[in-house]
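Some notes on the structure that comes next.
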Amino acid sequence: MKKRATNTGKPASTALDPIKQSSLWSRPGFLIRRLHQIHISLFLEETARFNITPVQYSLMSALTEHPAMDQVSLAAQIGLDRTSVAEVLARLAARALVKRTPSSADRRVKLVTLTSKGRATLDVMSDAALRAHSRTIAPLPGNQRREFLRMLMHLVNANNEVGRAPLQLGK
């Protein structure tokens, strides 16, 4: 099959090769940020009717696995700073999706729990969230998807302590 020439005078396969077009395409940070932007768009498209952001979804999901967590521990579960978690939780609490109550052991500590409305919201939106996650990696051949996720987990784990808000891995 003959390669089609483009207005650049290069064969089509070379002209459309992103790596040949820009050095950005050889930078992991650029590609990870761009993939993150794409995933957020897919997530918001799939879950639009729920008005839940990916960060809110992560916080609510963490609360299903670890009910009644304090805000600091919850922040560590998803690798987000405490201030951002407090702001996100305030928005979720205003919608009655989570409840914050003082700890009986230390009244200064707020324990966060999912409300029944929060659990129901997660249940109803789980298929839409799963579609977004699947669509993000759908361009990869089926046998490469698991390997891609394994490599992402390895990179996150290996670099966890470098992040501004490290995850509490394995807890």
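Identifiers in the structure tokens: chain A, B, ... in order shown; residue index from 1 per chain; ligand index from 1 in order shown.
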
May I have the residues within 10 Å of Ile78 (chain A) as a tab-separated table (two decimals) with C-alpha atoms, in the first residue's frame, using only C-alpha atoms and disregarding those fewer than 6 positions away in the same chain?
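The resulting file, selection-v3.tsv, is shown below:
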```tsv
chain	number	residue	atom	x	y	z
A	55	VAL	CA	-12.53	13.50	43.29
A	58	SER	CA	-13.05	8.79	44.94
A	59	LEU	CA	-13.83	10.16	48.41
A	61	SER	CA	-15.74	5.23	47.21
A	62	ALA	CA	-13.07	5.31	49.93
A	85	VAL	CA	-10.64	17.19	51.18
A	165	ALA	CA	-0.08	14.09	49.46
A	166	PRO	CA	1.16	10.49	49.50
A	167	LEU	CA	-1.37	7.68	49.51
A	168	GLN	CA	-1.54	5.35	52.48
A	169	LEU	CA	-0.77	2.30	50.40
```

Using only C-alpha atoms, find each residue in region 53-102 of chain A having at least one atom no more than 10 Å away from region 119-133 of chain A; report its shortest atom-to-atom pair and that distance in Å (one decimal), rows by chain then rising number, as a Markdown table.
```
| residue | atom | partner | partner_atom | distance |
| --- | --- | --- | --- | --- |
| A:Pro54 | CA | A:Ala129 | CA | 8.9 |
| A:Tyr57 | CA | A:Leu122 | CA | 7.7 |
| A:Met60 | CA | A:Leu122 | CA | 7.5 |
| A:Ser61 | CA | A:Leu122 | CA | 7.5 |
| A:Leu63 | CA | A:Arg119 | CA | 9.3 |
| A:Thr64 | CA | A:Arg119 | CA | 7.7 |
| A:Leu97 | CA | A:Arg119 | CA | 7.7 |
| A:Val98 | CA | A:Arg119 | CA | 9.0 |
```

Generate a file of the selected residues that holds N, CA and C atoms, formatted as a PDB file, in the first residue's frame.
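The resulting again06.pdb:
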```pdb
ATOM      1  N   PRO A  54     -14.861  13.449  39.702  1.00  0.00           N
ATOM      2  CA  PRO A  54     -14.020  12.280  39.984  1.00  0.00           C
ATOM      3  C   PRO A  54     -13.450  12.278  41.407  1.00  0.00           C
ATOM      4  N   TYR A  57     -16.193  11.318  43.741  1.00  0.00           N
ATOM      5  CA  TYR A  57     -16.443   9.887  43.581  1.00  0.00           C
ATOM      6  C   TYR A  57     -15.384   9.076  44.322  1.00  0.00           C
ATOM      7  N   MET A  60     -16.061   9.316  48.116  1.00  0.00           N
ATOM      8  CA  MET A  60     -17.226   8.514  48.482  1.00  0.00           C
ATOM      9  C   MET A  60     -16.899   7.023  48.383  1.00  0.00           C
ATOM     10  N   SER A  61     -16.134   6.636  47.362  1.00  0.00           N
ATOM     11  CA  SER A  61     -15.739   5.232  47.215  1.00  0.00           C
ATOM     12  C   SER A  61     -14.854   4.790  48.377  1.00  0.00           C
ATOM     13  N   LEU A  63     -14.954   5.884  51.326  1.00  0.00           N
ATOM     14  CA  LEU A  63     -15.814   5.752  52.510  1.00  0.00           C
ATOM     15  C   LEU A  63     -16.616   4.448  52.503  1.00  0.00           C
ATOM     16  N   THR A  64     -16.832   3.864  51.348  1.00  0.00           N
ATOM     17  CA  THR A  64     -17.503   2.559  51.328  1.00  0.00           C
ATOM     18  C   THR A  64     -16.570   1.470  51.832  1.00  0.00           C
ATOM     19  N   LEU A  97     -24.801  13.874  51.069  1.00  0.00           N
ATOM     20  CA  LEU A  97     -24.194  12.634  50.588  1.00  0.00           C
ATOM     21  C   LEU A  97     -23.223  12.054  51.611  1.00  0.00           C
ATOM     22  N   VAL A  98     -22.672  12.931  52.453  1.00  0.00           N
ATOM     23  CA  VAL A  98     -21.825  12.502  53.566  1.00  0.00           C
ATOM     24  C   VAL A  98     -22.267  13.246  54.813  1.00  0.00           C
TER      25      VAL A  98
END
```

Problem set entry | Exercise: region 134-146 of chain A partners within 10 Å, only C-alpha atoms, chain neighbours under 5 positions left out, as a PyMOL selection string | chain A and resi 35-36+38-43+46+128-129+151-152

For this session: Figure out the distance between CA of Lys110 (chain A) and CA of Ala90 (chain A), please, to one decimal in Å.
Result: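 It comes out at 11.9 Å.
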